[in-house]
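Here is start-v4.txt, consisting of compact mmCIF, C-alpha atoms and all ligand atoms:
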```
# COMPACT_ATOMS: atom_id res chain seq x y z
CA MET A 19 90.71 146.65 272.72
CA THR A 20 89.70 144.41 275.58
CA VAL A 21 87.35 141.48 276.04
CA LEU A 22 85.50 141.72 279.34
CA VAL A 23 84.89 138.31 280.91
CA LEU A 24 82.16 138.25 283.54
CA GLY A 25 82.72 135.38 285.96
CA GLY A 26 86.30 134.85 284.81
CA ALA A 27 87.40 133.20 288.07
CA GLY A 28 84.90 130.34 287.80
CA TYR A 29 85.41 126.90 286.29
CA ILE A 30 84.34 127.78 282.76
CA GLY A 31 85.26 131.48 282.92
CA SER A 32 88.85 130.76 283.96
CA HIS A 33 89.31 128.47 280.95
CA ALA A 34 87.93 131.25 278.75
CA VAL A 35 90.34 133.84 280.15
CA GLU A 36 93.30 131.51 279.65
CA GLN A 37 92.35 130.65 276.08
CA LEU A 38 91.64 134.28 275.15
CA ILE A 39 95.04 135.38 276.49
CA ARG A 40 96.76 132.47 274.71
CA LYS A 41 95.14 133.65 271.49
CA GLY A 42 96.39 137.21 271.95
CA TYR A 43 93.34 139.03 273.36
CA GLU A 44 93.54 141.66 276.09
CA VAL A 45 91.29 140.48 278.90
CA ALA A 46 89.60 142.15 281.86
CA VAL A 47 87.68 140.08 284.40
CA ILE A 48 84.82 140.87 286.74
CA ASP A 49 84.10 138.28 289.43
CA ASN A 50 82.62 138.58 292.92
CA LEU A 51 84.56 135.45 293.99
CA LEU A 52 81.48 133.98 295.67
CA THR A 53 81.95 130.76 293.72
CA GLY A 54 85.01 131.71 291.65
CA HIS A 55 88.58 131.34 292.87
CA GLN A 56 91.20 134.05 293.08
CA ALA A 57 93.80 131.36 292.36
CA ALA A 58 92.08 130.51 289.06
CA LEU A 59 92.67 134.03 287.74
CA HIS A 60 95.18 134.44 284.95
CA SER A 61 98.08 136.72 285.91
CA GLU A 62 97.83 138.63 282.61
CA ALA A 63 94.14 139.47 283.01
CA THR A 64 93.15 142.74 284.68
CA PHE A 65 90.97 141.71 287.59
CA TYR A 66 88.12 143.72 289.08
CA LYS A 67 86.55 142.17 292.14
CA GLY A 68 82.89 143.05 292.38
CA ASP A 69 79.34 142.19 291.51
CA ILE A 70 77.65 142.67 288.14
CA ARG A 71 74.53 143.86 289.97
CA ASP A 72 76.46 146.89 291.20
CA GLN A 73 75.82 149.32 288.36
CA GLU A 74 78.27 152.01 289.52
CA PHE A 75 81.01 149.42 289.84
CA VAL A 76 80.28 148.04 286.36
CA ARG A 77 80.15 151.57 284.91
CA SER A 78 83.54 152.39 286.41
CA ILE A 79 85.10 149.44 284.56
CA PHE A 80 83.47 150.30 281.24
CA ALA A 81 84.78 153.86 281.72
CA LYS A 82 88.32 152.63 282.38
CA GLU A 83 88.69 149.85 279.76
CA SER A 84 88.19 149.97 275.97
CA ILE A 85 85.79 147.07 275.81
CA GLU A 86 85.11 145.53 272.40
CA GLY A 87 82.95 142.69 273.63
CA VAL A 88 81.63 140.90 276.70
CA ILE A 89 81.63 137.18 277.46
CA HIS A 90 79.15 136.50 280.21
CA PHE A 91 79.59 133.53 282.59
CA ALA A 92 78.58 135.28 285.81
CA ALA A 93 75.54 133.39 287.03
CA SER A 94 74.28 131.00 289.65
CA SER A 95 73.97 127.58 288.03
CA LEU A 96 72.65 124.90 290.36
CA VAL A 97 69.37 123.45 289.18
CA GLY A 98 68.37 122.02 292.57
CA GLU A 99 69.19 125.22 294.45
CA SER A 100 67.20 127.25 291.92
CA VAL A 101 64.04 125.30 292.78
CA GLU A 102 64.53 126.09 296.49
CA LYS A 103 65.62 129.71 295.97
CA PRO A 104 64.15 130.98 292.69
CA LEU A 105 64.56 134.64 293.61
CA LYS A 106 68.30 134.21 294.04
CA TYR A 107 68.39 133.10 290.39
CA PHE A 108 66.19 135.89 289.09
CA ASN A 109 68.20 138.41 291.09
CA ASN A 110 71.74 137.25 290.37
CA ASN A 111 71.20 136.04 286.81
CA VAL A 112 68.41 138.18 285.39
CA SER A 113 68.97 141.46 287.26
CA GLY A 114 72.73 141.13 286.84
CA THR A 115 72.36 140.75 283.09
CA GLU A 116 69.95 143.68 282.92
CA ILE A 117 72.62 145.90 284.53
CA ILE A 118 75.28 144.66 282.10
CA LEU A 119 73.05 145.38 279.11
CA GLU A 120 72.23 148.82 280.45
CA VAL A 121 75.91 149.70 280.83
CA MET A 122 76.75 148.17 277.42
CA GLN A 123 74.10 150.38 275.86
CA GLU A 124 75.39 153.45 277.69
CA PHE A 125 78.98 152.84 276.55
CA GLY A 126 78.08 151.67 273.02
CA VAL A 127 79.46 148.13 273.43
CA LYS A 128 77.65 146.03 270.84
CA HIS A 129 78.77 142.40 271.29
CA ILE A 130 77.99 139.86 273.98
CA VAL A 131 78.57 136.11 274.03
CA PHE A 132 76.37 134.52 276.60
CA SER A 133 76.61 131.30 278.57
CA SER A 134 73.18 129.68 278.26
CA THR A 135 72.08 126.14 278.98
CA ALA A 136 70.32 123.02 277.79
CA ALA A 137 68.07 123.59 280.80
CA THR A 138 66.21 126.16 278.64
CA TYR A 139 64.70 123.19 276.73
CA GLY A 140 63.32 121.40 279.78
CA GLU A 141 62.52 117.81 278.92
CA PRO A 142 61.84 117.72 275.18
CA GLU A 143 60.12 114.79 273.50
CA GLU A 144 62.49 114.59 270.55
CA TYR A 145 66.20 113.83 270.39
CA PRO A 146 68.67 115.07 269.56
CA ILE A 147 67.75 118.58 270.67
CA THR A 148 68.21 121.23 267.99
CA GLU A 149 67.98 125.00 268.35
CA LYS A 150 64.46 124.71 266.86
CA THR A 151 63.30 122.44 269.69
CA PRO A 152 60.79 124.47 271.74
CA THR A 153 62.13 125.94 274.98
CA ASN A 154 60.22 124.92 278.07
CA PRO A 155 62.38 125.23 281.19
CA LYS A 156 61.44 123.04 284.13
CA ASN A 157 63.34 124.94 286.82
CA PRO A 158 64.10 128.57 287.76
CA TYR A 159 67.72 128.20 286.64
CA GLY A 160 66.70 127.31 283.05
CA GLU A 161 63.97 129.95 283.20
CA SER A 162 66.44 132.63 284.30
CA LYS A 163 68.78 131.80 281.41
CA LEU A 164 65.89 131.91 278.93
CA MET A 165 64.83 135.27 280.34
CA MET A 166 68.39 136.52 279.87
CA GLU A 167 68.36 135.34 276.24
CA LYS A 168 65.05 137.11 275.67
CA MET A 169 66.31 140.33 277.23
CA MET A 170 69.23 140.26 274.81
CA ARG A 171 66.91 139.75 271.86
CA TRP A 172 64.97 142.88 272.71
CA CYS A 173 68.17 144.85 273.34
CA ASP A 174 69.36 143.82 269.89
CA GLU A 175 66.13 145.15 268.42
CA ALA A 176 66.19 148.40 270.38
CA TYR A 177 69.90 149.21 270.65
CA GLY A 178 71.63 146.94 268.12
CA ILE A 179 73.47 144.97 270.82
CA LYS A 180 74.31 141.70 269.04
CA PHE A 181 74.47 138.50 271.08
CA VAL A 182 75.31 134.86 270.70
CA ALA A 183 73.68 132.58 273.26
CA LEU A 184 75.50 129.26 273.65
CA ARG A 185 73.34 126.56 275.16
CA TYR A 186 75.70 124.20 276.92
CA PHE A 187 75.01 120.58 277.59
CA ASN A 188 77.31 118.88 280.16
CA VAL A 189 80.73 120.44 280.48
CA ALA A 190 83.62 118.44 281.94
CA GLY A 191 87.42 118.16 281.94
CA ALA A 192 90.20 120.64 282.60
CA LYS A 193 93.03 122.33 280.77
CA ALA A 194 95.42 119.60 279.64
CA ASP A 195 98.29 120.80 281.87
CA ALA A 196 95.96 120.74 284.92
CA SER A 197 96.83 124.33 285.85
CA ILE A 198 93.11 125.17 286.14
CA GLY A 199 90.12 122.91 286.62
CA GLU A 200 86.74 122.30 288.23
CA ASP A 201 86.32 123.11 291.93
CA HIS A 202 82.79 123.69 293.22
CA HIS A 203 81.62 123.93 296.82
CA PRO A 204 79.46 121.98 297.17
CA GLU A 205 80.26 119.73 294.21
CA THR A 206 77.16 118.35 292.50
CA HIS A 207 78.46 117.36 289.04
CA LEU A 208 78.88 113.75 288.02
CA VAL A 209 82.46 113.70 286.71
CA PRO A 210 84.20 115.39 289.66
CA ILE A 211 82.11 113.38 292.11
CA ILE A 212 83.11 110.09 290.44
CA LEU A 213 86.75 111.18 290.56
CA GLN A 214 86.51 112.17 294.22
CA VAL A 215 85.35 108.60 294.89
CA ALA A 216 88.30 107.32 292.85
CA LEU A 217 90.63 109.41 295.04
CA GLY A 218 89.05 108.04 298.21
CA GLN A 219 87.55 111.40 299.22
CA ARG A 220 84.02 109.98 299.07
CA GLU A 221 82.94 106.47 299.87
CA GLN A 222 80.88 105.79 296.80
CA LEU A 223 78.95 107.27 293.92
CA ALA A 224 75.19 107.52 294.40
CA ILE A 225 73.63 106.76 291.03
CA PHE A 226 70.50 108.88 291.01
CA GLY A 227 67.95 106.39 289.66
CA ASP A 228 68.26 103.35 287.40
CA ASP A 229 64.62 103.16 286.34
CA TYR A 230 64.67 105.83 283.62
CA ASN A 231 63.54 105.06 280.11
CA THR A 232 67.09 104.67 278.78
CA GLU A 233 69.10 101.64 277.69
CA ASP A 234 70.59 100.86 281.12
CA GLY A 235 68.01 102.79 283.14
CA THR A 236 70.39 105.63 284.18
CA CYS A 237 70.24 109.20 282.84
CA VAL A 238 71.93 109.97 279.54
CA ARG A 239 73.84 113.23 279.07
CA ASP A 240 75.97 114.82 276.37
CA TYR A 241 79.46 115.67 277.70
CA LEU A 242 81.88 118.09 276.08
CA HIS A 243 85.33 119.28 277.04
CA VAL A 244 85.63 122.72 278.61
CA GLU A 245 88.40 123.73 276.15
CA ASP A 246 86.15 122.90 273.19
CA LEU A 247 83.33 124.81 274.82
CA ILE A 248 85.55 127.89 275.15
CA ALA A 249 86.79 127.61 271.58
CA ALA A 250 83.15 128.06 270.53
CA HIS A 251 82.92 131.28 272.59
CA ILE A 252 85.91 132.80 270.84
CA LEU A 253 84.48 131.81 267.45
CA ALA A 254 81.19 133.39 268.50
CA LEU A 255 82.94 136.62 269.46
CA GLU A 256 84.70 136.71 266.09
CA TYR A 257 81.39 135.94 264.38
CA LEU A 258 79.83 138.99 266.02
CA LYS A 259 82.86 141.17 265.26
CA ALA A 260 82.50 140.16 261.60
CA GLY A 261 79.07 141.85 261.61
CA ASN A 262 76.83 138.80 261.81
CA ASN A 263 73.40 138.71 263.40
CA SER A 264 72.47 137.53 266.86
CA ASP A 265 71.88 133.81 267.13
CA VAL A 266 71.56 130.79 269.43
CA PHE A 267 73.73 127.65 269.23
CA ASN A 268 73.77 124.33 271.06
CA LEU A 269 77.13 123.12 272.29
CA GLY A 270 77.37 119.40 272.85
CA SER A 271 79.02 116.36 271.36
CA ASN A 272 76.03 114.82 269.56
CA SER A 273 76.45 111.66 271.60
CA GLY A 274 75.04 110.59 274.93
CA TYR A 275 76.53 108.61 277.82
CA SER A 276 74.59 107.13 280.70
CA VAL A 277 75.68 107.56 284.32
CA LYS A 278 76.74 103.90 284.32
CA GLN A 279 78.76 104.37 281.12
CA MET A 280 80.49 107.40 282.63
CA LEU A 281 81.31 105.40 285.74
CA GLU A 282 82.75 102.57 283.64
CA ALA A 283 84.83 104.98 281.54
CA ALA A 284 86.17 106.60 284.74
CA ARG A 285 87.07 103.17 286.15
CA GLN A 286 89.13 102.52 283.04
CA VAL A 287 90.82 105.92 283.09
CA THR A 288 91.68 105.86 286.80
CA ASN A 289 92.22 102.13 287.16
CA LYS A 290 90.25 102.35 290.43
CA GLU A 291 87.26 100.35 291.50
CA ILE A 292 85.01 103.39 292.24
CA PRO A 293 82.21 101.87 294.34
CA ALA A 294 78.70 102.91 293.36
CA GLN A 295 75.21 102.29 294.59
CA VAL A 296 71.84 103.03 293.08
CA ALA A 297 70.01 105.77 295.00
CA PRO A 298 66.61 107.44 294.50
CA ARG A 299 66.14 109.74 291.51
CA ARG A 300 67.25 113.37 291.89
CA ALA A 301 64.31 115.74 291.50
CA GLY A 302 64.09 117.43 288.13
CA ASP A 303 66.51 115.20 286.18
CA PRO A 304 65.37 114.57 282.59
CA ALA A 305 66.08 111.02 281.36
CA THR A 306 68.03 112.07 278.27
CA LEU A 307 69.66 115.31 277.12
CA VAL A 308 71.64 115.04 273.89
CA ALA A 309 72.38 117.98 271.61
CA ALA A 310 72.54 118.37 267.89
CA SER A 311 75.44 120.83 267.58
CA ASP A 312 75.65 120.90 263.78
CA LYS A 313 74.60 124.53 263.64
CA ALA A 314 77.67 125.68 265.62
CA LYS A 315 79.87 123.58 263.36
CA THR A 316 78.36 124.90 260.14
CA ILE A 317 77.94 128.57 261.03
CA LEU A 318 80.72 129.22 263.57
CA GLY A 319 83.14 126.67 262.08
CA TRP A 320 83.40 124.97 265.49
CA GLN A 321 85.37 121.73 265.54
CA PRO A 322 85.60 120.03 268.96
CA GLN A 323 88.99 118.41 269.55
CA TYR A 324 87.98 116.02 272.33
CA THR A 325 85.74 113.38 270.78
CA ASN A 326 86.43 110.54 273.20
CA ILE A 327 84.79 110.55 276.63
CA LYS A 328 87.82 108.89 278.24
CA GLU A 329 90.10 111.68 277.05
CA ILE A 330 87.75 114.20 278.65
CA ILE A 331 87.75 112.29 281.94
CA GLU A 332 91.55 111.93 281.75
CA THR A 333 92.03 115.71 281.85
CA ALA A 334 89.66 116.00 284.83
CA TRP A 335 91.52 113.16 286.56
CA LYS A 336 94.88 114.85 286.04
CA TRP A 337 93.50 118.04 287.62
CA GLN A 338 91.99 116.07 290.51
CA ILE A 339 95.21 114.15 291.24
CA ASN A 340 97.32 117.31 291.14
CA ASN A 341 94.81 119.33 293.17
CA PRO A 342 92.92 116.89 295.39
CA HIS A 343 91.46 119.81 297.33
CA GLY A 344 91.01 122.05 294.31
CA TYR A 345 92.22 125.62 294.60
CA GLN A 346 92.82 125.17 298.33
CA GLU A 347 96.11 123.67 297.12
CA LYS A 348 96.88 127.07 295.64
CA GLY A 349 95.89 129.01 298.74
CA ASP A 350 92.19 129.54 298.01
CA VAL A 351 89.73 128.63 300.74
CA LYS A 352 85.99 128.15 300.32
CA ASP A 353 83.36 126.79 302.69
CA ALA A 354 82.44 123.18 301.95
N1 LIG B 1 74.43 112.10 288.91
C1 LIG B 1 74.44 110.98 289.70
N2 LIG B 1 75.10 111.05 290.89
C2 LIG B 1 75.75 112.18 291.32
C3 LIG B 1 75.74 113.32 290.48
C4 LIG B 1 75.06 113.25 289.28
O1 LIG B 1 73.86 109.94 289.37
O2 LIG B 1 76.32 112.16 292.43
C5 LIG B 1 73.71 112.05 287.62
C6 LIG B 1 72.58 113.06 287.54
O3 LIG B 1 71.42 112.55 288.11
C7 LIG B 1 72.49 113.27 286.03
C8 LIG B 1 73.93 113.07 285.55
O4 LIG B 1 74.59 112.38 286.59
O5 LIG B 1 71.69 112.29 285.46
C9 LIG B 1 74.65 114.38 285.29
O6 LIG B 1 74.49 115.20 286.41
P1 LIG B 1 75.24 116.61 286.60
O7 LIG B 1 74.78 117.16 287.91
O8 LIG B 1 76.70 116.40 286.39
O9 LIG B 1 74.72 117.49 285.40
P2 LIG B 1 73.21 117.87 284.98
O10 LIG B 1 72.93 117.12 283.73
O11 LIG B 1 72.25 117.71 286.08
O12 LIG B 1 73.34 119.43 284.80
C10 LIG B 1 74.16 120.04 283.84
C11 LIG B 1 74.68 121.36 284.37
C12 LIG B 1 73.53 122.31 284.63
C13 LIG B 1 72.71 122.45 283.39
C14 LIG B 1 72.29 121.12 282.87
C15 LIG B 1 71.61 121.28 281.57
O13 LIG B 1 75.40 121.14 285.55
O14 LIG B 1 74.03 123.56 285.01
O15 LIG B 1 73.43 120.27 282.69
O16 LIG B 1 71.19 120.10 281.09
F1 LIG B 1 71.59 123.16 283.63
```

Can you present the structure in this file as C-alpha cells?
Ligand code: UFG
Amino acid sequence: MTVLVLGGAGYIGSHAVEQLIRKGYEVAVIDNLLTGHQAALHSEATFYKGDIRDQEFVRSIFAKESIEGVIHFAASSLVGESVEKPLKYFNNNVSGTEIILEVMQEFGVKHIVFSSTAATYGEPEEYPITEKTPTNPKNPYGESKLMMEKMMRWCDEAYGIKFVALRYFNVAGAKADASIGEDHHPETHLVPIILQVALGQREQLAIFGDDYNTEDGTCVRDYLHVEDLIAAHILALEYLKAGNNSDVFNLGSNSGYSVKQMLEAARQVTNKEIPAQVAPRRAGDPATLVAASDKAKTILGWQPQYTNIKEIIETAWKWQINNPHGYQEKGDVKDA
C-alpha cells in the first residue's frame, strides 16, 4: 500500500516524503514542479509530474497505485500574492482539492492528511490560539485553506472520507544532514531571508514594522521545525488508519519569538553581524500568532524534538551554507 504525497517536491512535502520512506512507507508523489524542485525528490519515491487540477491525470495515478492515504501539500501559499490574485488561490487550492476528493471518492480512498494554516484564524483576540478559537481568515490564502477544510468535512459526512487538517504556524529549518531544505523563488520567509543576509546574498534584513503591540514592537510568531511538523503528519495518518474520526490540530511550539529575537538568535548561530533596518509594516501581518498545540500532543501523541529556536535556525543555516543557491546547486533552475 502506498501513501500519495501531493506537492512532494516542495519544501515541506520533500521532508514528508523523506521521513515516510525512512519509516518504511511506499510513497508516490504528484507535483507540477511550479514551485517544487525535481532535485528535492527522493529517489525511492515514484514520481508523477502533473497538476492536481487535471482530473484524468489524477485518476490515472489512482488507477495505477494502491493508495491507502493521501497527504496533501499541493497549494499556493503566499499571503501577499493571494490578496493580489485571489482567483489563483481559489483555483489552485480549492479546485485542486475538489478534484482530489472526487477521485478519492471514486477509488474508495478514505484517508487524507491536509496541510492547513494558522492563517485560517486571521487575527484572533486571544492567545494562545486553540482549535476552538473562531476562524476568521483575513486573506484569500487563509480563506482557501478554510474552504478546503470545509469541503473535507462535508465529504466525510457524505462519503466517509476521514481527514486530519493540520494548522501550521511558522515552519523553519531543514533536515539535519542538509540534504533537503527551503528554497523558494521569490523567498519571503523570515528565517531564510535572515540567513541570506548572513551569507552576504542580501544587504540587510528589512524588519517589517517595530510599532506593533508586542514587547519589542516587532511581530511575534511561533516557529517549529519542519521535521517535527512532518512527524505530526505521519502520526495523523496512523490516527486515521486506526479508525479515528476527522479532526483539526494546531501545530506550533507554544512559544513566540519576535522578529528582533529571531534576528538575535540567528546572529548567535551564524556568528555574523546580519545588518537590519526597520521598514514599514507588511500589509496583513497580525502582531502575534502563537499556537496552543496541546491537542496534537494529547490525541496524536506528538512530541516535537526541536524545542530550542537556535537549533532550528542551525539546521536552516547548515542547508544554506551547503546550498547557497538552493537546489540550483543540484542542477535545478527556477526564475528568481
Ligand atoms: N518579516 C520581516 N522581514 C522579512 C520577512 C518577514 O520582518 O523580510 C517578518 C514578517 O513581517 C512576520 C515575520 O517576519 O512578522 C514572519 O514572516 P514570514 O513571512 O516568515 O511568515 P508569516 O508569519 O507571514 O507566514 C507564515 C507562512 C504562511 C502562513 C502564516 C500563518 O509563511 O504561509 O505563517 O500564520 F499563512

Exercise. Which distance in Å separates atom CA of A:Lys328 and atom CA of A:Leu242, to one decimal?
Worked result: 11.2 Å

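Inspection of the environment of ligand LIG 1 (chain B), which uses only C-alpha atoms and all ligand atoms and a cut-off of 7 Å, identifies the neighbouring residues as Ser95, Leu96, Val97, Thr135, Ala136, Ala137, Gly160, Tyr186, Phe187, Asn188, Thr206, His207, Leu208, Val209, Ile211, Leu223, Ala224, Ile225, Phe226, Gly227, Thr236, Cys237, Val238, Arg239, Val277, Arg299, Arg300, Asp303 and Leu307 of chain A.
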
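The residue that comes closest to A:Asn262, out of A:Phe80, A:Trp337, A:Phe181, A:Tyr241 and on the basis of only C-alpha atoms, is A:Phe181.
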
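In this comparison, which uses all atoms listed in the file, the residue of A:Gly87, A:Pro158, A:Pro298, A:Gly68 approaching A:Tyr43 most closely is A:Gly87.
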
Problem set entry | Using all atoms listed in the file: which of A:Glu83, A:Glu291, A:Glu329, A:Glu36 has the shortest distance to A:Gly218 |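 Among A:Glu83, A:Glu291, A:Glu329, A:Glu36, it is A:Glu291 that comes nearest to A:Gly218.
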
For this session: Measuring atom to atom with all atoms listed in the file, identify which of A:His60, A:Lys168, A:Lys163, A:Arg71 is nearest to A:Val121.
Result: A:Arg71

For this session: Between A:Lys315, A:Lys278, A:Lys156, A:His203, single out the one closest to A:Gly344, counting all atoms listed in the file.
Result: A:His203

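For the choices A:His251, A:Lys313, A:Lys67, A:Lys290, the atom-to-atom distance to A:Gly54 is smallest for A:Lys67 when using only C-alpha atoms.
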
For this session: May I have the residues at most 12 Å from (79.0, 142.7, 260.5) in the file's coordinates, counting only C-alpha atoms, as a VMD selection string?
Result: chain A and resid 128 to 129 178 to 180 255 to 264

For this session: Name the residues in contact with A:Val35 at a cut-off of 9 Å, using all atoms listed in the file, excluding same-chain residues fewer than 3 positions from it; report them as a list of chain:residue names.
Result: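 Here the answer would be A:Val23, A:Gly26, A:Ala27, A:Ile30, A:Gly31, A:Ser32, A:Leu38, A:Ile39, A:Arg40, A:Val45, A:Ala46, A:Val47, A:Leu59, A:His60, A:Ala63.
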
For this session: Write out as a ChimeraX atom specification each polymer residue whose atoms come within 12 Å of A:Tyr107, counting all atoms listed in the file; drop sequence neighbours fewer than 2 positions from it.
Result: /A:92-105,109-115,157-166

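For the pair atom CA of A:Ala250 and atom CA of A:Trp320, the interatomic distance is 5.9 Å.
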
Exercise. What is the distance between atom CA of A:Ala194 and atom CA of A:Asn50, in Å to one decimal?
Worked result: 26.5 Å

A:Glu332 surroundings by only C-alpha atoms, 9 Å radius, close-in-sequence under 6 positions cut, as an mmCIF file with C-alpha atoms, in the frame of the given file:
```
data_model
loop_
_atom_site.group_PDB
_atom_site.id
_atom_site.type_symbol
_atom_site.label_atom_id
_atom_site.label_comp_id
_atom_site.auth_asym_id
_atom_site.auth_seq_id
_atom_site.Cartn_x
_atom_site.Cartn_y
_atom_site.Cartn_z
ATOM 1 C CA GLY A 191 87.420 118.160 281.940
ATOM 2 C CA ALA A 192 90.200 120.640 282.600
ATOM 3 C CA ALA A 194 95.420 119.600 279.640
ATOM 4 C CA ALA A 284 86.170 106.600 284.740
ATOM 5 C CA VAL A 287 90.820 105.920 283.090
ATOM 6 C CA THR A 288 91.680 105.860 286.800
#
```

Exercise. If we count only C-alpha atoms, what is near A:Val266 at a cut-off of 8 Å, once residues fewer than 2 positions away on the same chain are taken out, given as number ranges by chain?
Worked result: A: 149, 182-185, 264, 268

Which residues are close to A:Arg285, i.e. within 10 Å by all atoms listed in the file, leaving aside same-chain residues fewer than 5 positions away? Reply as a JSON list (two decimals) with C-alpha atoms, in the frame of the given file.
```
[["chain", "number", "residue", "atom", "x", "y", "z"],
["A", 212, "ILE", "CA", 83.11, 110.09, 290.44],
["A", 213, "LEU", "CA", 86.75, 111.18, 290.56],
["A", 216, "ALA", "CA", 88.30, 107.32, 292.85],
["A", 279, "GLN", "CA", 78.76, 104.37, 281.12],
["A", 280, "MET", "CA", 80.49, 107.40, 282.63],
["A", 290, "LYS", "CA", 90.25, 102.35, 290.43],
["A", 291, "GLU", "CA", 87.26, 100.35, 291.50],
["A", 292, "ILE", "CA", 85.01, 103.39, 292.24],
["A", 293, "PRO", "CA", 82.21, 101.87, 294.34],
["A", 328, "LYS", "CA", 87.82, 108.89, 278.24]]
```

Please write out, as JSON, where the centre of an axis-aligned box around all listed atoms of stretch 230-233 of chain A lies and how long its edges are, in Å to one decimal, after adding 3 Å on each side.
```
{"center_x": 66.3, "center_y": 103.7, "center_z": 280.7, "size_x": 11.6, "size_y": 10.2, "size_z": 11.9}
```
